[in-house]
>>> print(open('entry14.cif').read())   # mmCIF, C-alpha atoms and all ligand atoms
data_structure
loop_
_atom_site.label_atom_id
_atom_site.label_comp_id
_atom_site.auth_asym_id
_atom_site.auth_seq_id
_atom_site.Cartn_x
_atom_site.Cartn_y
_atom_site.Cartn_z
CA MET K 1 16.17 2.41 -81.53
CA ASP K 2 17.06 5.20 -79.13
CA ASN K 3 13.92 7.11 -78.18
CA ASN K 4 15.80 10.38 -77.80
CA CYS K 5 17.61 10.14 -81.12
CA ILE K 6 16.45 12.29 -84.04
CA PHE K 7 17.92 9.96 -86.67
CA CYS K 8 16.27 6.89 -85.07
CA LYS K 9 12.98 8.83 -85.34
CA ILE K 10 13.69 9.52 -89.01
CA ILE K 11 14.56 5.84 -89.63
CA ASN K 12 11.39 4.82 -87.81
CA GLY K 13 9.28 7.22 -89.90
CA ASP K 14 8.25 9.30 -86.86
CA ILE K 15 9.92 12.38 -88.37
CA PRO K 16 9.72 13.02 -92.14
CA SER K 17 12.85 13.03 -94.28
CA THR K 18 13.64 13.28 -97.97
CA LYS K 19 14.91 9.79 -98.73
CA VAL K 20 17.58 9.04 -101.27
CA TYR K 21 18.27 5.33 -100.64
CA GLU K 22 17.08 2.65 -98.23
CA ASP K 23 17.75 -1.03 -97.63
CA ASP K 24 17.57 -3.38 -94.62
CA THR K 25 20.56 -1.87 -92.87
CA VAL K 26 20.99 1.75 -94.03
CA LEU K 27 19.08 4.91 -94.90
CA ALA K 28 20.34 7.85 -96.96
CA PHE K 29 18.41 11.13 -96.85
CA LEU K 30 19.00 14.81 -97.54
CA ASP K 31 20.61 16.78 -94.74
CA ILE K 32 18.17 19.47 -93.67
CA SER K 33 20.95 22.08 -93.67
CA GLN K 34 21.90 21.55 -97.37
CA ALA K 35 25.38 22.98 -96.83
CA THR K 36 25.46 22.72 -100.61
CA PRO K 37 22.59 21.48 -102.85
CA GLY K 38 22.44 17.68 -102.65
CA HIS K 39 24.04 17.43 -99.17
CA THR K 40 23.14 13.87 -98.13
CA LEU K 41 23.54 11.75 -94.99
CA LEU K 42 24.07 7.97 -94.91
CA VAL K 43 23.19 6.33 -91.57
CA PRO K 44 23.09 2.79 -90.22
CA LYS K 45 19.55 1.84 -89.17
CA LYS K 46 21.06 0.43 -86.00
CA HIS K 47 21.69 3.17 -83.42
CA VAL K 48 25.43 3.51 -82.95
CA GLU K 49 26.90 6.72 -81.67
CA ASN K 50 30.09 6.96 -83.67
CA ILE K 51 32.60 5.09 -85.85
CA TYR K 52 34.21 3.44 -82.82
CA ASP K 53 31.02 1.44 -82.27
CA TYR K 54 30.99 -0.23 -85.71
CA ASP K 55 31.69 -3.97 -85.79
CA GLN K 56 32.86 -5.65 -89.02
CA GLN K 57 29.33 -6.45 -90.17
CA LEU K 58 28.02 -2.91 -89.62
CA ALA K 59 31.07 -1.51 -91.41
CA MET K 60 30.29 -3.80 -94.36
CA ASP K 61 26.63 -2.81 -94.35
CA VAL K 62 27.26 0.94 -94.25
CA LEU K 63 30.67 1.71 -95.72
CA THR K 64 30.27 -0.41 -98.85
CA LYS K 65 27.27 1.77 -99.84
CA ILE K 66 29.41 4.91 -100.02
CA PRO K 67 30.55 4.61 -103.67
CA MET K 68 27.02 3.89 -104.91
CA ILE K 69 25.55 6.94 -103.15
CA ALA K 70 28.51 9.07 -104.25
CA ARG K 71 28.04 8.12 -107.91
CA ALA K 72 24.31 8.82 -107.78
CA ILE K 73 24.89 12.26 -106.29
CA GLU K 74 27.59 13.04 -108.83
CA LYS K 75 25.34 12.03 -111.73
CA SER K 76 22.30 13.85 -110.33
CA ASN K 77 23.52 17.30 -111.31
CA PRO K 78 26.02 18.18 -114.04
CA LYS K 79 27.06 21.27 -112.08
CA ILE K 80 28.58 19.08 -109.34
CA LYS K 81 32.36 19.24 -109.78
CA GLY K 82 33.50 17.44 -106.62
CA LEU K 83 32.28 15.70 -103.48
CA ASN K 84 33.49 15.80 -99.89
CA ILE K 85 32.68 12.69 -97.80
CA ILE K 86 32.98 13.50 -94.11
CA ASN K 87 32.30 11.65 -90.86
CA ASN K 88 32.43 13.61 -87.61
CA ASN K 89 33.08 11.77 -84.34
CA GLY K 90 32.73 13.62 -81.04
CA GLU K 91 31.57 17.11 -80.17
CA VAL K 92 35.04 18.57 -80.58
CA ALA K 93 34.99 17.22 -84.17
CA TYR K 94 31.66 19.00 -84.80
CA GLN K 95 29.44 15.95 -84.36
CA SER K 96 26.06 17.32 -83.30
CA VAL K 97 23.81 14.28 -83.81
CA PHE K 98 25.05 11.26 -81.88
CA HIS K 99 23.79 8.61 -84.28
CA SER K 100 26.70 7.90 -86.60
CA HIS K 101 26.38 9.35 -90.10
CA ILE K 102 28.43 10.00 -93.23
CA HIS K 103 28.07 13.40 -94.92
CA PHE K 104 28.17 13.66 -98.73
CA ILE K 105 28.69 17.31 -99.66
CA PRO K 106 28.65 18.08 -103.39
CA ARG K 107 31.08 20.81 -104.40
CA PHE K 108 30.30 23.29 -107.15
CA THR K 109 33.18 25.70 -106.67
CA ARG K 110 36.14 26.19 -104.39
CA ASP K 111 34.63 29.48 -103.26
CA GLU K 112 31.57 28.10 -101.48
CA ASP K 113 31.06 30.40 -98.52
CA ASP K 114 31.93 29.07 -95.10
CA PHE K 115 32.68 25.58 -96.28
CA GLY K 116 34.65 23.83 -93.59
CA MET K 117 34.13 21.19 -90.94
CA ARG K 118 31.29 23.27 -89.58
CA PHE K 119 28.67 23.26 -92.30
CA LYS K 120 26.56 26.22 -93.31
CA ASP K 121 22.84 25.95 -92.50
CA ASN K 122 20.84 26.78 -95.65
CA SER K 123 17.62 25.10 -94.51
CA ASN K 124 15.63 28.35 -94.80
CA ALA K 125 16.25 28.35 -98.54
CA TYR K 126 14.64 24.91 -99.10
CA THR K 127 10.99 23.91 -99.37
CA SER K 128 10.03 20.22 -99.16
CA GLU K 129 9.29 20.38 -102.93
CA LYS K 130 12.79 21.65 -103.64
CA LEU K 131 14.30 18.91 -101.45
CA GLU K 132 12.17 16.25 -103.17
CA LYS K 133 13.36 17.42 -106.58
CA ILE K 134 17.00 17.03 -105.52
CA ALA K 135 16.39 13.64 -103.89
CA SER K 136 14.52 12.25 -106.89
CA SER K 137 17.35 13.21 -109.25
CA ILE K 138 19.78 11.35 -106.96
CA ARG K 139 17.47 8.31 -106.71
CA GLU K 140 17.16 8.15 -110.49
CA ASN K 141 20.92 7.78 -110.73
CA LEU K 142 21.34 4.94 -108.22
CA GLU K 143 23.05 1.90 -109.71
CA ASP K 144 25.00 -0.89 -108.03
P1 LIG C 1 26.97 16.50 -87.54
O1 LIG C 1 27.02 17.95 -87.12
O2 LIG C 1 26.61 15.62 -86.35
O3 LIG C 1 28.17 16.00 -88.28
O4 LIG C 1 25.80 16.40 -88.58
C1 LIG C 1 24.46 16.34 -88.19
C2 LIG C 1 23.67 16.81 -89.36
O5 LIG C 1 22.32 16.43 -89.17
C3 LIG C 1 23.67 18.33 -89.55
O6 LIG C 1 24.30 18.64 -90.79
C4 LIG C 1 22.19 18.70 -89.52
O7 LIG C 1 21.85 19.66 -90.50
C5 LIG C 1 21.50 17.39 -89.78
N1 LIG C 1 20.19 17.29 -89.16
C6 LIG C 1 19.87 17.58 -87.85
N2 LIG C 1 18.56 17.37 -87.64
C7 LIG C 1 18.04 16.93 -88.81
C8 LIG C 1 16.72 16.55 -89.21
O8 LIG C 1 15.75 16.55 -88.43
N3 LIG C 1 16.56 16.15 -90.51
C9 LIG C 1 17.60 16.13 -91.39
N4 LIG C 1 17.32 15.74 -92.64
N5 LIG C 1 18.85 16.49 -91.04
C10 LIG C 1 19.08 16.88 -89.78
ZN ZN C 2 19.73 6.77 -83.33
#
>>> encode(input="entry14.cif", output="structure tokens", more="lines below")
Ligand code: 5GP
Ligand code: ZN
Amino acid sequence: MDNNCIFCKIINGDIPSTKVYEDDTVLAFLDISQATPGHTLLVPKKHVENIYDYDQQLAMDVLTKIPMIARAIEKSNPKIKGLNIINNNGEVAYQSVFHSHIHFIPRFTRDEDDFGMRFKDNSNAYTSEKLEKIASSIRENLED
């Protein structure tokens, strides 16, 4: 736990989040920016800054969950046509939160405005009820 880290605070329950999946080692929750509807983050519960800090065990704990989360997101909304899975490391690579995380960004069309490595911030368009509705439809589709 890093006291200055926003994701550690989310993991610890000090800051609310809309959870999608949780086990002993990882947490998945909706990204507040919702670059596209369903935009999800997967984080190790252990505070590591970036991918370079993963040992074999942490890589097993986190990276093996990717297909399960991806399938749940894909099944959660029939309008989802594709999914970008992105991990930014370092400020120059557009990492802005220095607790390692994997982005899952559902794609609905190739024309989504401003889609790129720098994600659009749509947080103003989402109430906590709207986020909960998206998260619950992802949770309902979680399977091993
Ligand atoms: P990065 O830019 O480091 O690849 O991604 C960090 C992500 O964390 C951004 O997409 C941003 O929207 C998200 N984020 C930052 N603060 C919070 C927060 O308090 N709650 C949630 N759910 N997401 C956050
Ligand atoms: Zn942290």
>>> closest_residue(input="entry14.cif", among="K:Val92, K:Cys8, K:Leu142, K:Met60", to="Ser76 of chain K", atoms="only C-alpha atoms")
K:Leu142
>>> residues_near_ligand(input="entry14.cif", ligand="ligand LIG 1 (chain C)", cutoff="7 Å", atoms="all atoms listed in the file", output="list of chain:residue names")
K:Ile6, K:Ser17, K:Thr18, K:Phe29, K:Leu30, K:Asp31, K:Ile32, K:Ser33, K:Asn87, K:Asn88, K:Tyr94, K:Gln95, K:Ser96, K:Val97, K:Phe98, K:Phe119, K:Asp121
>>> residues_near_ligand(input="entry14.cif", ligand="ligand ZN 2 (chain C)", cutoff="10 Å", atoms="only C-alpha atoms and all ligand atoms", output="list of chain:residue names")
K:Met1, K:Asp2, K:Asn3, K:Asn4, K:Cys5, K:Ile6, K:Phe7, K:Cys8, K:Lys9, K:Ile10, K:Ile11, K:Asn12, K:Val43, K:Pro44, K:Lys45, K:Lys46, K:His47, K:Val48, K:Glu49, K:Val97, K:Phe98, K:His99, K:Ser100, K:His101
>>> atom_distance(input="entry14.cif", atom1="atom CA of Gly38 of chain K", atom2="atom CA of Tyr54 of chain K")
26.1 Å
>>> axis_aligned_box(input="entry14.cif", around="segment 132-140 of chain K", padding_each_side="4 Å", output="lines of an AutoDock Vina configuration file")
center_x = 16.0
center_y = 12.8
center_z = -106.8
size_x = 15.6
size_y = 17.3
size_z = 15.3
>>> closest_residue(input="entry14.cif", among="K:Asp61, K:Glu74, K:Asp53, K:Asp144", to="His39 of chain K", atoms="all atoms listed in the file")
K:Glu74
>>> atom_distance(input="entry14.cif", atom1="atom CA of Lys79 of chain K", atom2="atom CA of Thr64 of chain K")
25.6 Å
>>> closest_residue(input="entry14.cif", among="K:Gln34, K:Thr25, K:Asn50, K:Thr40", to="Glu91 of chain K", atoms="only C-alpha atoms")
K:Asn50
>>> residues_around(input="entry14.cif", residues="Pro37 of chain K", least_positions_apart="6", cutoff="10 Å", atoms="all atoms listed in the file", output="list in words")
Leu30, Asp31, Asn77, Ile80, Ile105, Pro106, Arg107, Phe108, Asn122, Tyr126, Lys130, Leu131 and Ile134 of chain K
>>> atom_distance(input="entry14.cif", atom1="atom CA of Ala59 of chain K", atom2="atom CA of Leu41 of chain K")
15.7 Å
>>> closest_residue(input="entry14.cif", among="K:Lys120, K:Ile102, K:Pro16, K:Thr36", to="Pro67 of chain K", atoms="all atoms listed in the file")
K:Ile102
>>> residues_around(input="entry14.cif", residues="Lys75 of chain K", least_positions_apart="6", cutoff="10 Å", atoms="all atoms listed in the file", output="list in words")
Ile69, Ser137, Ile138, Glu140, Asn141 and Leu142 of chain K
>>> closest_residue(input="entry14.cif", among="K:Asp111, K:Arg71, K:Leu42, K:Asp55", to="Ile86 of chain K", atoms="only C-alpha atoms")
K:Leu42
>>> closest_residue(input="entry14.cif", among="K:Ala70, K:Tyr21, K:Leu27, K:Ile85", to="Ala135 of chain K", atoms="only C-alpha atoms")
K:Tyr21
